[in-house]
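Asks: Just data_6.txt, nothing more (compact mmCIF, C-alpha atoms):
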# COMPACT_ATOMS: atom_id res chain seq x y z
CA MET A 1474 42.91 -64.97 -42.95
CA ILE A 1475 41.65 -62.31 -40.52
CA ARG A 1476 37.87 -61.93 -40.56
CA VAL A 1477 37.09 -58.26 -39.95
CA LEU A 1478 33.66 -56.85 -39.20
CA LEU A 1479 33.47 -53.10 -39.87
CA VAL A 1480 30.67 -51.26 -38.10
CA HIS A 1481 29.55 -47.79 -39.20
CA ASP A 1482 26.06 -46.38 -39.54
CA VAL A 1483 26.76 -44.29 -42.63
CA ARG A 1484 26.92 -46.57 -45.66
CA ILE A 1485 29.15 -44.47 -47.88
CA LEU A 1486 31.72 -44.12 -45.07
CA ARG A 1487 31.41 -47.80 -44.19
CA CYS A 1488 32.12 -48.71 -47.83
CA GLY A 1489 35.09 -46.35 -47.79
CA LEU A 1490 36.60 -47.97 -44.71
CA ALA A 1491 35.99 -51.39 -46.26
CA ALA A 1492 37.82 -50.24 -49.41
CA LEU A 1493 40.81 -49.20 -47.29
CA VAL A 1494 41.11 -52.49 -45.45
CA GLY A 1495 39.75 -54.77 -48.17
CA SER A 1496 42.82 -54.48 -50.35
CA GLU A 1497 44.93 -56.28 -47.73
CA PRO A 1498 45.57 -59.86 -48.87
CA ASP A 1499 45.20 -61.34 -45.37
CA MET A 1500 41.87 -59.70 -44.47
CA GLU A 1501 38.30 -60.61 -45.27
CA ILE A 1502 35.86 -57.76 -44.68
CA GLU A 1503 32.19 -57.44 -43.95
CA ALA A 1504 30.73 -53.97 -43.30
CA VAL A 1505 27.39 -53.44 -41.53
CA PRO A 1506 25.43 -50.71 -39.74
CA GLY A 1507 25.31 -50.62 -35.94
CA LYS A 1508 21.96 -52.32 -35.59
CA GLU A 1509 23.18 -55.44 -37.41
CA ALA A 1510 26.54 -55.50 -35.70
CA THR A 1511 25.96 -58.00 -32.90
CA ARG A 1512 24.22 -60.55 -35.10
CA SER A 1513 26.78 -60.21 -37.88
CA ALA A 1514 29.69 -60.51 -35.47
CA ARG A 1515 28.31 -63.88 -34.41
CA ALA A 1516 27.35 -65.07 -37.89
CA LEU A 1517 30.66 -64.07 -39.45
CA ARG A 1518 32.59 -65.36 -36.45
CA ALA A 1519 34.64 -62.21 -36.81
CA ASP A 1520 38.17 -62.18 -35.43
CA VAL A 1521 38.19 -58.40 -35.07
CA CYS A 1522 35.33 -55.91 -34.92
CA VAL A 1523 36.17 -52.34 -35.94
CA ALA A 1524 33.70 -49.70 -34.73
CA ASP A 1525 33.51 -45.93 -34.64
CA ALA A 1526 33.42 -45.19 -30.90
CA ASP A 1527 32.31 -41.57 -31.26
CA VAL A 1528 29.02 -42.21 -32.99
CA THR A 1529 28.08 -45.45 -31.37
CA GLY A 1530 26.69 -44.35 -28.03
CA ARG A 1531 23.84 -46.78 -28.61
CA LEU A 1532 26.02 -49.59 -29.89
CA PRO A 1533 26.50 -52.47 -27.46
CA LEU A 1534 30.29 -52.22 -27.61
CA HIS A 1535 30.72 -54.89 -24.95
CA GLU A 1536 28.90 -57.40 -27.19
CA LEU A 1537 31.23 -56.59 -30.05
CA ALA A 1538 34.18 -57.13 -27.74
CA GLY A 1539 33.12 -60.77 -27.76
CA PRO A 1540 32.09 -63.31 -25.18
CA ALA A 1541 33.78 -62.93 -21.82
CA ARG A 1542 35.67 -65.94 -20.58
CA THR A 1543 33.47 -67.67 -18.03
CA PRO A 1544 34.67 -69.10 -14.71
CA HIS A 1545 34.13 -72.56 -16.26
CA ASP A 1546 36.38 -71.71 -19.17
CA PRO A 1547 38.94 -69.27 -17.76
CA LEU A 1548 41.42 -69.63 -20.58
CA GLY A 1549 38.99 -69.63 -23.46
CA SER A 1550 40.40 -73.16 -24.01
CA GLY A 1551 40.46 -72.68 -27.74
CA ARG A 1552 36.93 -73.87 -28.33
CA GLN A 1553 35.65 -70.39 -28.84
CA VAL A 1554 38.11 -67.80 -30.08
CA PRO A 1555 37.09 -64.49 -28.50
CA ARG A 1556 36.28 -61.67 -30.85
CA ARG A 1557 38.38 -58.59 -30.34
CA LEU A 1558 37.21 -55.02 -30.58
CA LEU A 1559 39.18 -52.19 -32.15
CA VAL A 1560 37.67 -48.72 -32.00
CA LEU A 1561 38.23 -45.62 -34.07
CA VAL A 1562 38.24 -42.67 -31.73
CA SER A 1563 38.88 -38.97 -32.00
CA GLN A 1564 41.71 -37.35 -30.05
CA HIS A 1565 39.21 -34.91 -28.59
CA CYS A 1566 36.85 -37.53 -27.16
CA PRO A 1567 38.31 -39.07 -24.01
CA GLY A 1568 34.75 -39.99 -22.96
CA ALA A 1569 34.26 -42.21 -26.02
CA LEU A 1570 37.64 -43.81 -25.39
CA ARG A 1571 36.70 -44.42 -21.77
CA ARG A 1572 33.46 -46.09 -22.78
CA ALA A 1573 35.26 -48.35 -25.27
CA LEU A 1574 37.91 -49.24 -22.70
CA ASP A 1575 35.24 -50.18 -20.16
CA ALA A 1576 33.51 -52.29 -22.82
CA GLY A 1577 36.66 -54.35 -23.28
CA ALA A 1578 38.12 -52.85 -26.46
CA ARG A 1579 41.71 -53.97 -27.12
CA GLY A 1580 42.66 -51.68 -29.97
CA PHE A 1581 42.44 -47.88 -30.26
CA VAL A 1582 43.15 -46.14 -33.55
CA CYS A 1583 42.92 -42.38 -33.97
CA LYS A 1584 40.39 -41.20 -36.53
CA ASP A 1585 43.06 -38.95 -37.90
CA ALA A 1586 45.37 -41.88 -38.54
CA LEU A 1587 46.54 -43.02 -41.95
CA PRO A 1588 45.02 -46.23 -43.32
CA GLU A 1589 48.30 -48.11 -42.67
CA GLN A 1590 47.85 -47.45 -38.98
CA LEU A 1591 44.36 -48.97 -38.97
CA VAL A 1592 45.58 -52.05 -40.84
CA ALA A 1593 48.52 -52.44 -38.42
CA GLY A 1594 46.12 -52.13 -35.48
CA ILE A 1595 43.79 -54.80 -36.85
CA ARG A 1596 46.70 -57.24 -37.30
CA ARG A 1597 47.98 -56.65 -33.76
CA VAL A 1598 44.56 -57.04 -32.17
CA ALA A 1599 43.85 -60.16 -34.25
CA ALA A 1600 47.10 -61.60 -32.90
CA GLY A 1601 45.79 -61.13 -29.37
CA GLU A 1602 47.85 -58.06 -28.54
CA ARG A 1603 46.68 -54.66 -27.39
CA PHE A 1604 47.18 -51.70 -29.69
CA VAL A 1605 47.08 -48.01 -28.85
CA ASP A 1606 47.80 -45.49 -31.57
CA ASN A 1607 50.61 -43.11 -30.50
CA ALA A 1608 48.42 -40.14 -31.36
CA LEU A 1609 45.98 -41.25 -28.65
CA ALA A 1610 48.46 -41.30 -25.75
CA GLY A 1611 47.16 -38.01 -24.36
CA THR A 1612 43.55 -39.05 -24.87
CA VAL A 1613 44.11 -42.26 -22.90
CA LEU A 1614 45.44 -40.21 -20.00
CA ARG A 1615 42.48 -37.87 -20.14
CA ALA A 1616 40.11 -40.86 -20.38
CA SER A 1617 41.36 -42.06 -17.01
CA GLU A 1618 40.31 -38.73 -15.53
CA VAL A 1619 36.71 -38.84 -16.80
CA PRO A 1620 34.66 -38.85 -13.59
CA LEU A 1621 31.67 -40.65 -15.13
CA SER A 1622 31.23 -44.39 -15.63
CA ALA A 1623 30.46 -45.90 -19.04
CA ARG A 1624 26.81 -46.29 -18.01
CA GLU A 1625 26.57 -42.68 -16.82
CA LEU A 1626 28.11 -41.50 -20.09
CA THR A 1627 25.49 -43.46 -22.04
CA VAL A 1628 22.67 -41.93 -20.00
CA LEU A 1629 24.07 -38.43 -20.41
CA SER A 1630 24.60 -38.91 -24.17
CA ALA A 1631 20.93 -39.76 -24.55
CA ALA A 1632 19.98 -36.69 -22.47
CA ALA A 1633 22.22 -34.53 -24.67
CA GLU A 1634 20.30 -35.78 -27.72
CA GLY A 1635 17.16 -34.36 -26.13
CA ALA A 1636 15.70 -37.57 -24.71
CA GLY A 1637 13.69 -37.19 -21.48
CA ILE A 1638 13.83 -39.51 -18.46
CA THR A 1639 11.09 -41.82 -19.81
CA GLU A 1640 12.69 -42.10 -23.23
CA ILE A 1641 16.15 -42.79 -21.76
CA ALA A 1642 14.68 -45.45 -19.47
CA ARG A 1643 12.96 -47.14 -22.42
CA ARG A 1644 16.05 -47.04 -24.63
CA LEU A 1645 18.33 -48.52 -21.99
CA GLY A 1646 15.82 -50.91 -20.47
CA LEU A 1647 15.95 -49.24 -17.05
CA SER A 1648 13.30 -47.88 -14.70
CA ALA A 1649 12.66 -44.15 -14.62
CA GLY A 1650 13.81 -44.07 -10.99
CA THR A 1651 17.16 -45.62 -11.92
CA VAL A 1652 17.67 -43.07 -14.69
CA ARG A 1653 16.89 -40.29 -12.18
CA ASN A 1654 19.48 -41.73 -9.82
CA TYR A 1655 22.04 -41.78 -12.63
CA MET A 1656 21.22 -38.16 -13.48
CA SER A 1657 21.70 -37.10 -9.83
CA ALA A 1658 25.05 -38.86 -9.65
CA ILE A 1659 26.11 -37.28 -12.95
CA THR A 1660 25.14 -33.79 -11.80
CA ARG A 1661 27.04 -34.27 -8.53
CA LYS A 1662 30.17 -35.78 -10.12
CA THR A 1663 30.45 -33.08 -12.78
CA GLY A 1664 29.87 -30.30 -10.26
CA ALA A 1665 26.95 -29.08 -12.36
CA ARG A 1666 23.94 -27.07 -11.26
CA ASN A 1667 21.47 -29.16 -13.25
CA ARG A 1668 21.12 -31.54 -16.16
CA VAL A 1669 21.68 -28.93 -18.89
CA ASP A 1670 24.74 -27.67 -17.05
CA ALA A 1671 26.07 -31.25 -16.75
CA ILE A 1672 25.70 -31.69 -20.52
CA ARG A 1673 27.49 -28.40 -21.16
CA ILE A 1674 30.37 -29.21 -18.81
CA SER A 1675 30.74 -32.74 -20.18
CA GLN A 1676 30.69 -31.64 -23.80
CA GLY A 1677 33.24 -28.94 -23.06
CA ALA A 1678 35.57 -31.47 -21.46
CA GLY A 1679 35.17 -33.95 -24.33
CA TRP A 1680 33.48 -36.58 -22.15
CA LEU A 1681 30.43 -36.72 -24.41
CA MET B 985 40.05 -36.46 -66.48
CA ILE B 986 37.77 -35.17 -63.70
CA ARG B 987 39.68 -33.46 -60.91
CA VAL B 988 37.86 -34.21 -57.65
CA LEU B 989 38.53 -32.53 -54.32
CA LEU B 990 37.18 -34.56 -51.40
CA VAL B 991 36.61 -32.62 -48.19
CA HIS B 992 36.19 -34.39 -44.85
CA ASP B 993 37.64 -33.50 -41.45
CA VAL B 994 38.27 -37.07 -40.32
CA ARG B 995 41.34 -38.41 -42.08
CA ILE B 996 40.55 -42.11 -41.97
CA LEU B 997 37.09 -41.47 -43.45
CA ARG B 998 38.52 -39.06 -46.00
CA CYS B 999 41.02 -41.72 -47.10
CA GLY B 1000 38.18 -44.22 -47.31
CA LEU B 1001 36.11 -41.98 -49.57
CA ALA B 1002 39.19 -41.35 -51.70
CA ALA B 1003 39.71 -45.11 -52.01
CA LEU B 1004 36.12 -45.50 -53.26
CA VAL B 1005 36.40 -42.84 -55.93
CA GLY B 1006 40.10 -43.20 -56.69
CA SER B 1007 39.72 -46.50 -58.48
CA GLU B 1008 37.72 -44.83 -61.28
CA PRO B 1009 39.95 -44.46 -64.35
CA ASP B 1010 38.56 -41.01 -65.25
CA MET B 1011 38.97 -39.38 -61.83
CA GLU B 1012 41.92 -37.76 -60.12
CA ILE B 1013 41.42 -37.34 -56.37
CA GLU B 1014 42.79 -35.08 -53.70
CA ALA B 1015 41.42 -35.36 -50.17
CA VAL B 1016 41.79 -32.59 -47.57
CA PRO B 1017 40.31 -31.46 -44.25
CA GLY B 1018 37.80 -28.60 -44.19
CA LYS B 1019 40.26 -25.90 -43.20
CA GLU B 1020 42.38 -26.53 -46.31
CA ALA B 1021 39.42 -26.93 -48.64
CA THR B 1022 39.14 -23.46 -50.16
CA ARG B 1023 42.84 -23.11 -50.85
CA SER B 1024 43.13 -26.64 -52.27
CA ALA B 1025 40.07 -26.16 -54.48
CA ARG B 1026 41.83 -23.21 -56.08
CA ALA B 1027 45.27 -24.82 -56.28
CA LEU B 1028 43.99 -28.09 -57.71
CA ARG B 1029 41.58 -26.24 -60.00
CA ALA B 1030 39.10 -28.91 -59.01
CA ASP B 1031 36.22 -29.69 -61.36
CA VAL B 1032 34.07 -31.06 -58.57
CA CYS B 1033 34.28 -30.59 -54.80
CA VAL B 1034 32.70 -33.33 -52.69
CA ALA B 1035 31.93 -32.31 -49.11
CA ASP B 1036 30.05 -33.78 -46.16
CA ALA B 1037 27.25 -31.28 -45.62
CA ASP B 1038 26.25 -32.55 -42.18
CA VAL B 1039 29.52 -31.91 -40.44
CA THR B 1040 30.58 -28.80 -42.25
CA GLY B 1041 28.56 -26.08 -40.55
CA ARG B 1042 31.73 -24.02 -40.46
CA LEU B 1043 32.84 -24.87 -43.99
CA PRO B 1044 32.43 -22.05 -46.52
CA LEU B 1045 30.32 -24.19 -48.85
CA HIS B 1046 29.68 -21.28 -51.18
CA GLU B 1047 33.42 -20.93 -51.77
CA LEU B 1048 33.65 -24.60 -52.68
CA ALA B 1049 30.76 -24.15 -55.09
CA GLY B 1050 33.17 -22.02 -57.10
CA PRO B 1051 33.23 -18.47 -58.35
CA ALA B 1052 29.83 -17.05 -59.22
CA ARG B 1053 29.41 -15.84 -62.77
CA THR B 1054 29.67 -12.09 -62.68
CA PRO B 1055 27.50 -9.67 -64.68
CA HIS B 1056 30.58 -9.01 -66.82
CA ASP B 1057 30.95 -12.67 -67.60
CA PRO B 1058 27.44 -14.10 -67.53
CA LEU B 1059 28.23 -17.30 -69.36
CA GLY B 1060 31.49 -18.07 -67.65
CA SER B 1061 32.90 -17.62 -71.19
CA GLY B 1062 35.20 -20.60 -70.81
CA ARG B 1063 38.06 -18.63 -69.34
CA GLN B 1064 37.33 -19.88 -65.88
CA VAL B 1065 35.48 -23.18 -65.60
CA PRO B 1066 33.33 -22.93 -62.47
CA ARG B 1067 33.93 -25.48 -59.79
CA ARG B 1068 30.92 -27.54 -58.90
CA LEU B 1069 29.91 -28.68 -55.47
CA LEU B 1070 28.45 -32.08 -54.66
CA VAL B 1071 27.42 -32.71 -51.06
CA LEU B 1072 26.93 -35.88 -49.09
CA VAL B 1073 23.89 -35.42 -46.94
CA SER B 1074 21.85 -37.55 -44.58
CA GLN B 1075 18.17 -38.23 -45.30
CA HIS B 1076 17.34 -36.93 -41.84
CA CYS B 1077 18.98 -33.53 -42.26
CA PRO B 1078 16.86 -31.25 -44.46
CA GLY B 1079 18.57 -28.26 -42.81
CA ALA B 1080 22.00 -29.34 -44.06
CA LEU B 1081 20.55 -29.89 -47.53
CA ARG B 1082 18.96 -26.46 -47.44
CA ARG B 1083 22.26 -24.84 -46.49
CA ALA B 1084 24.07 -26.63 -49.31
CA LEU B 1085 21.37 -25.68 -51.81
CA ASP B 1086 21.60 -22.02 -50.78
CA ALA B 1087 25.38 -22.20 -51.13
CA GLY B 1088 25.02 -23.26 -54.76
CA ALA B 1089 25.57 -27.02 -54.54
CA ARG B 1090 24.61 -28.84 -57.75
CA GLY B 1091 24.83 -32.46 -56.62
CA PHE B 1092 23.23 -34.19 -53.63
CA VAL B 1093 24.15 -37.76 -52.75
CA CYS B 1094 22.66 -39.59 -49.79
CA LYS B 1095 25.16 -40.73 -47.17
CA ASP B 1096 23.46 -44.08 -47.25
CA ALA B 1097 24.10 -44.46 -50.98
CA LEU B 1098 26.29 -47.10 -52.55
CA PRO B 1099 29.68 -45.96 -53.92
CA GLU B 1100 28.37 -46.32 -57.51
CA GLN B 1101 25.84 -43.62 -56.77
CA LEU B 1102 28.52 -41.19 -55.58
CA VAL B 1103 30.64 -41.86 -58.66
CA ALA B 1104 27.63 -41.36 -60.95
CA GLY B 1105 26.82 -38.09 -59.17
CA ILE B 1106 30.36 -36.78 -59.59
CA ARG B 1107 30.30 -37.53 -63.35
CA ARG B 1108 26.94 -35.81 -63.80
CA VAL B 1109 27.95 -32.71 -61.85
CA ALA B 1110 31.30 -32.56 -63.68
CA ALA B 1111 29.33 -32.56 -66.95
CA GLY B 1112 27.47 -29.47 -65.78
CA GLU B 1113 24.24 -31.21 -64.84
CA ARG B 1114 22.41 -31.24 -61.55
CA PHE B 1115 22.16 -34.50 -59.65
CA VAL B 1116 19.81 -35.44 -56.84
CA ASP B 1117 19.94 -38.93 -55.40
CA ASN B 1118 16.49 -40.59 -55.51
CA ALA B 1119 16.78 -41.42 -51.82
CA LEU B 1120 16.86 -37.68 -51.08
CA ALA B 1121 13.58 -36.77 -52.80
CA GLY B 1122 11.69 -36.48 -49.51
CA THR B 1123 14.55 -34.59 -47.88
CA VAL B 1124 14.54 -32.03 -50.71
CA LEU B 1125 10.84 -31.42 -50.11
CA ARG B 1126 11.40 -31.02 -46.37
CA ALA B 1127 14.36 -28.69 -47.06
CA SER B 1128 12.03 -26.34 -48.89
CA GLU B 1129 9.93 -26.11 -45.72
CA VAL B 1130 12.81 -25.17 -43.40
CA PRO B 1131 11.77 -21.72 -42.12
CA LEU B 1132 15.34 -20.56 -41.45
CA SER B 1133 17.81 -19.11 -43.95
CA ALA B 1134 21.26 -20.59 -44.45
CA ARG B 1135 22.76 -17.79 -42.35
CA GLU B 1136 20.28 -18.33 -39.53
CA LEU B 1137 21.03 -22.06 -39.60
CA THR B 1138 24.74 -21.32 -39.28
CA VAL B 1139 24.14 -19.00 -36.31
CA LEU B 1140 21.88 -21.54 -34.61
CA SER B 1141 24.36 -24.39 -35.24
CA ALA B 1142 27.04 -22.40 -33.44
CA ALA B 1143 24.62 -21.69 -30.57
CA ALA B 1144 23.78 -25.41 -30.36
CA GLU B 1145 27.49 -26.15 -29.95
CA GLY B 1146 27.43 -23.99 -26.86
CA ALA B 1147 28.90 -20.79 -28.33
CA GLY B 1148 27.61 -17.54 -26.80
CA ILE B 1149 26.70 -14.35 -28.70
CA THR B 1150 30.26 -12.96 -28.57
CA GLU B 1151 31.82 -16.21 -29.74
CA ILE B 1152 29.31 -16.59 -32.60
CA ALA B 1153 29.92 -12.99 -33.68
CA ARG B 1154 33.68 -13.58 -33.71
CA ARG B 1155 33.43 -16.86 -35.64
CA LEU B 1156 31.17 -15.44 -38.34
CA GLY B 1157 32.73 -11.98 -38.51
CA LEU B 1158 29.53 -10.22 -37.41
CA SER B 1159 28.73 -7.70 -34.70
CA ALA B 1160 27.13 -8.91 -31.47
CA GLY B 1161 24.02 -6.84 -32.29
CA THR B 1162 23.60 -8.59 -35.64
CA VAL B 1163 23.89 -11.99 -34.00
CA ARG B 1164 21.25 -10.93 -31.46
CA ASN B 1165 18.96 -9.89 -34.33
CA TYR B 1166 19.47 -13.27 -35.99
CA MET B 1167 18.66 -15.03 -32.72
CA SER B 1168 15.42 -13.04 -32.32
CA ALA B 1169 14.37 -13.87 -35.88
CA ILE B 1170 15.20 -17.54 -35.29
CA THR B 1171 13.20 -17.68 -32.07
CA ARG B 1172 10.23 -16.02 -33.76
CA LYS B 1173 10.33 -18.15 -36.93
CA THR B 1174 10.61 -21.43 -35.04
CA GLY B 1175 7.83 -20.46 -32.64
CA ALA B 1176 10.20 -21.05 -29.74
CA ARG B 1177 10.08 -19.58 -26.26
CA ASN B 1178 13.82 -18.88 -26.15
CA ARG B 1179 17.17 -19.83 -27.62
CA VAL B 1180 17.39 -23.26 -25.97
CA ASP B 1181 13.84 -24.00 -27.11
CA ALA B 1182 14.72 -22.93 -30.67
CA ILE B 1183 17.66 -25.34 -30.65
CA ARG B 1184 15.47 -28.17 -29.35
CA ILE B 1185 12.73 -27.53 -31.95
CA SER B 1186 15.23 -27.24 -34.79
CA GLN B 1187 17.13 -30.36 -33.85
CA GLY B 1188 13.87 -32.29 -33.52
CA ALA B 1189 12.83 -31.21 -37.03
CA GLY B 1190 16.21 -32.08 -38.55
CA TRP B 1191 17.02 -28.46 -39.42
CA LEU B 1192 20.24 -28.51 -37.44
What is this file in structure tokens?
Replies:
Amino acid sequence: MIRVLLVHDVRILRCGLAALVGSEPDMEIEAVPGKEATRSARALRADVCVADADVTGRLPLHELAGPARTPHDPLGSGRQVPRRLLVLVSQHCPGALRRALDAGARGFVCKDALPEQLVAGIRRVAAGERFVDNALAGTVLRASEVPLSARELTVLSAAAEGAGITEIARRLGLSAGTVRNYMSAITRKTGARNRVDAIRISQGAGWL
Amino acid sequence: MIRVLLVHDVRILRCGLAALVGSEPDMEIEAVPGKEATRSARALRADVCVADADVTGRLPLHELAGPARTPHDPLGSGRQVPRRLLVLVSQHCPGALRRALDAGARGFVCKDALPEQLVAGIRRVAAGERFVDNALAGTVLRASEVPLSARELTVLSAAAEGAGITEIARRLGLSAGTVRNYMSAITRKTGARNRVDAIRISQGAGWL
């Protein structure tokens, strides 16, 4: 039995995804909003977490990707089966794919895929393999060209939502100075004139 | 049998919604992306269209709400059963609710509702009644306070996506001068200093 944790903030859509996967005889589903994801992933001891990468800028994807193997336990040694993260991602959002990749996601299913594709992806990731939807081949290439790091993308996403330096610092648990440093790096790397310009360029390129 | 047309641009979510509603014995579902919605609504002769109001700024909601009763046929006279529109809308988006209301939507279901609520809403709207999810009571009140018309909200949504005057005019089939007039009215009504300020104010208030 594969224990699947589905993460989506919109309940009616979350229930819909659960209905798609829940009819599979070898899968056991729980569906929760983003803010309950980390706790539920632990409590359920989920084998695979499925999350929507586009709308989860604030979701701690790396926590859903499960505990990293420590130097003391390099092979996982079977005592603790690592959770595996599969993300739903849009073809037009290489930035979201990049963020998920950096967080340790092992499966990538296109949001325009058929349900069968999602189910196949979950089985492959549960079996310890990697899975990349064919439809995302181009997006993976473009993700490798995104000039911003996962952290910079998170900072810029918050700025694009209208948050100021102080608010971004609070949300991400950083100092205001650090956020300012990130913003300078972002502006430089995107070749922008200022913060608003960096948001515009990044949205246009699909990085945000 | 109630013929339901489900409209959502993201296929995997569309399939999920269809799975939720499709298990009802009295409903027949077709699910399509926004760009096929108007044609499919006609071809299927749908009784109820279900659309996501938040992500369908470009969707001709009024066309999905079905043909208006003309002065020559004030009662619909049974020859052409009017389609009825039910929208899924977030509690935090009074602007989207306002737009759907102006377009002639008759059902409003919260995106955080349980599937049973959506199914109940579809049955009520199919029977010719209006349906407003209890969870949306506050949003309906706030929608009545949105100072912008449905058209102005559409113009401002396009501007918030980064489209310039020319691009907005092209998309909406208007002249550049008309779009400029809309933008002036929007800036005035929102008490903004300029276009960017109007976007910021409107997003903060949940109008966009």
Asks: Env of B:Pro1078: 9 Å cut, atoms = all atoms listed in the file, seq-sep filter 5 positions within chain, self excluded. Answer as a list of chain:residue names.
Replies: B:Val1073, B:Arg1083, B:Gly1122, B:Thr1123, B:Val1124, B:Leu1125, B:Arg1126, B:Ala1127, B:Ser1128, B:Glu1129, B:Val1130, B:Ala1189, B:Gly1190, B:Trp1191, B:Leu1192
Asks: Chain B residues within 7 Å of chain A, counting only C-alpha atoms: which ones, as a list in words?
Replies: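 Taking only C-alpha atoms into account, Val994, Arg995, Ile996, Leu997, Gly1000, Leu1001, Ala1003, Leu1004, Lys1095, Asp1096, Ala1097, Leu1098 and Pro1099 of chain B sit within 7 Å of chain A.
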Asks: Could you tell me how far atom CA of A:Ala1631 sits from atom CA of A:Leu1647, in Å to one decimal place?
Replies: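 Calculated distance between atom CA of A:Leu1647 and atom CA of A:Ala1631 is 13.1 Å.
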Asks: What's the separation between atom CA of B:Arg1067 and atom CA of B:Arg1029, in Å to one decimal place?
Replies: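 We find that atom CA of B:Arg1067 and atom CA of B:Arg1029 lie 7.7 Å from each other.
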Asks: Using all atoms listed in the file, which protein or nucleic acid residues come within 10 Å of B:Gly1050? Drop anything in the same chain fewer than 6 positions from it, and give the result as a PDB file with C-alpha atoms, in the frame of the given file.
Replies:
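Contents of the output file out_35.pdb:
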ATOM      1  CA  THR B1022      39.140 -23.460 -50.160  1.00  0.00           C
ATOM      2  CA  ALA B1025      40.070 -26.160 -54.480  1.00  0.00           C
ATOM      3  CA  ARG B1026      41.830 -23.210 -56.080  1.00  0.00           C
ATOM      4  CA  ARG B1029      41.580 -26.240 -60.000  1.00  0.00           C
ATOM      5  CA  ALA B1030      39.100 -28.910 -59.010  1.00  0.00           C
ATOM      6  CA  ASP B1031      36.220 -29.690 -61.360  1.00  0.00           C
ATOM      7  CA  VAL B1032      34.070 -31.060 -58.570  1.00  0.00           C
ATOM      8  CA  CYS B1033      34.280 -30.590 -54.800  1.00  0.00           C
ATOM      9  CA  GLN B1064      37.330 -19.880 -65.880  1.00  0.00           C
ATOM     10  CA  VAL B1065      35.480 -23.180 -65.600  1.00  0.00           C
ATOM     11  CA  PRO B1066      33.330 -22.930 -62.470  1.00  0.00           C
ATOM     12  CA  ARG B1067      33.930 -25.480 -59.790  1.00  0.00           C
ATOM     13  CA  ARG B1068      30.920 -27.540 -58.900  1.00  0.00           C
ATOM     14  CA  LEU B1069      29.910 -28.680 -55.470  1.00  0.00           C
ATOM     15  CA  ALA B1087      25.380 -22.200 -51.130  1.00  0.00           C
ATOM     16  CA  GLY B1088      25.020 -23.260 -54.760  1.00  0.00           C
ATOM     17  CA  ALA B1089      25.570 -27.020 -54.540  1.00  0.00           C
TER      18      ALA B1089
END
Asks: Within 12 Å of (37.2, -31.8, -43.8), all atoms listed in the file: residues as a ChimeraX atom specification?
Replies: /A:1585 /B:989-999,1001,1014-1022,1024,1033-1045,1048
Asks: Suppose you want the space between atom CA of B:Met1011 and atom CA of B:Glu1113; what is it in Å?
Replies: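 Between atom CA of B:Met1011 and atom CA of B:Glu1113 the gap works out to 17.1 Å.
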Asks: Which one is closest to A:Pro1620: A:Ile1674, A:Leu1517, A:Ile1659, A:Ile1475? Count all atoms listed in the file.
Replies: A:Ile1659
Asks: Return the padded bounding box of stretch 1121-1124 of chain B as AutoDock Vina command-line options: axis-aligned, built from all atoms listed in the file, 3 Å added on each side, with centre and edge lengths in Å to one decimal.
Replies:
--center_x 13.1 --center_y -34.4 --center_z -50.3 --size_x 8.9 --size_y 10.7 --size_z 10.9
Asks: Which residue, A:Ala1600, A:Ala1610, A:Ile1595, A:Pro1498, has the smallest gap to A:Leu1570 when you use all atoms listed in the file?
Replies: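 The shortest atom-to-atom distance to A:Leu1570 comes from A:Ala1610.
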Asks: Can I get C-alpha atoms for stretch 1575-1602 of chain A, as a PDB file, in the first residue's frame?
Replies:
ATOM      1  CA  ASP A1575      16.332  22.384  -5.393  1.00  0.00           C
ATOM      2  CA  ALA A1576      14.041  21.223  -2.578  1.00  0.00           C
ATOM      3  CA  GLY A1577      14.723  17.601  -3.477  1.00  0.00           C
ATOM      4  CA  ALA A1578      11.580  16.681  -5.421  1.00  0.00           C
ATOM      5  CA  ARG A1579      11.899  13.354  -7.271  1.00  0.00           C
ATOM      6  CA  GLY A1580       8.766  13.416  -9.389  1.00  0.00           C
ATOM      7  CA  PHE A1581       7.461  16.085 -11.783  1.00  0.00           C
ATOM      8  CA  VAL A1582       4.012  15.785 -13.330  1.00  0.00           C
ATOM      9  CA  CYS A1583       2.592  18.385 -15.683  1.00  0.00           C
ATOM     10  CA  LYS A1584      -0.607  20.049 -14.500  1.00  0.00           C
ATOM     11  CA  ASP A1585      -2.013  19.426 -17.925  1.00  0.00           C
ATOM     12  CA  ALA A1586      -1.431  15.693 -17.620  1.00  0.00           C
ATOM     13  CA  LEU A1587      -4.146  13.069 -17.555  1.00  0.00           C
ATOM     14  CA  PRO A1588      -4.881  11.413 -14.196  1.00  0.00           C
ATOM     15  CA  GLU A1589      -3.176   8.187 -15.368  1.00  0.00           C
ATOM     16  CA  GLN A1590       0.067  10.098 -15.652  1.00  0.00           C
ATOM     17  CA  LEU A1591      -0.164  11.329 -12.059  1.00  0.00           C
ATOM     18  CA  VAL A1592      -0.904   7.828 -10.794  1.00  0.00           C
ATOM     19  CA  ALA A1593       2.022   6.400 -12.796  1.00  0.00           C
ATOM     20  CA  GLY A1594       4.294   9.114 -11.377  1.00  0.00           C
ATOM     21  CA  ILE A1595       3.277   8.355  -7.798  1.00  0.00           C
ATOM     22  CA  ARG A1596       4.018   4.637  -8.268  1.00  0.00           C
ATOM     23  CA  ARG A1597       7.446   5.324  -9.772  1.00  0.00           C
ATOM     24  CA  VAL A1598       8.437   7.791  -7.070  1.00  0.00           C
ATOM     25  CA  ALA A1599       7.152   5.449  -4.341  1.00  0.00           C
ATOM     26  CA  ALA A1600       9.396   2.756  -5.817  1.00  0.00           C
ATOM     27  CA  GLY A1601      12.384   5.057  -5.334  1.00  0.00           C
ATOM     28  CA  GLU A1602      12.740   6.091  -8.959  1.00  0.00           C
TER      29      GLU A1602
END
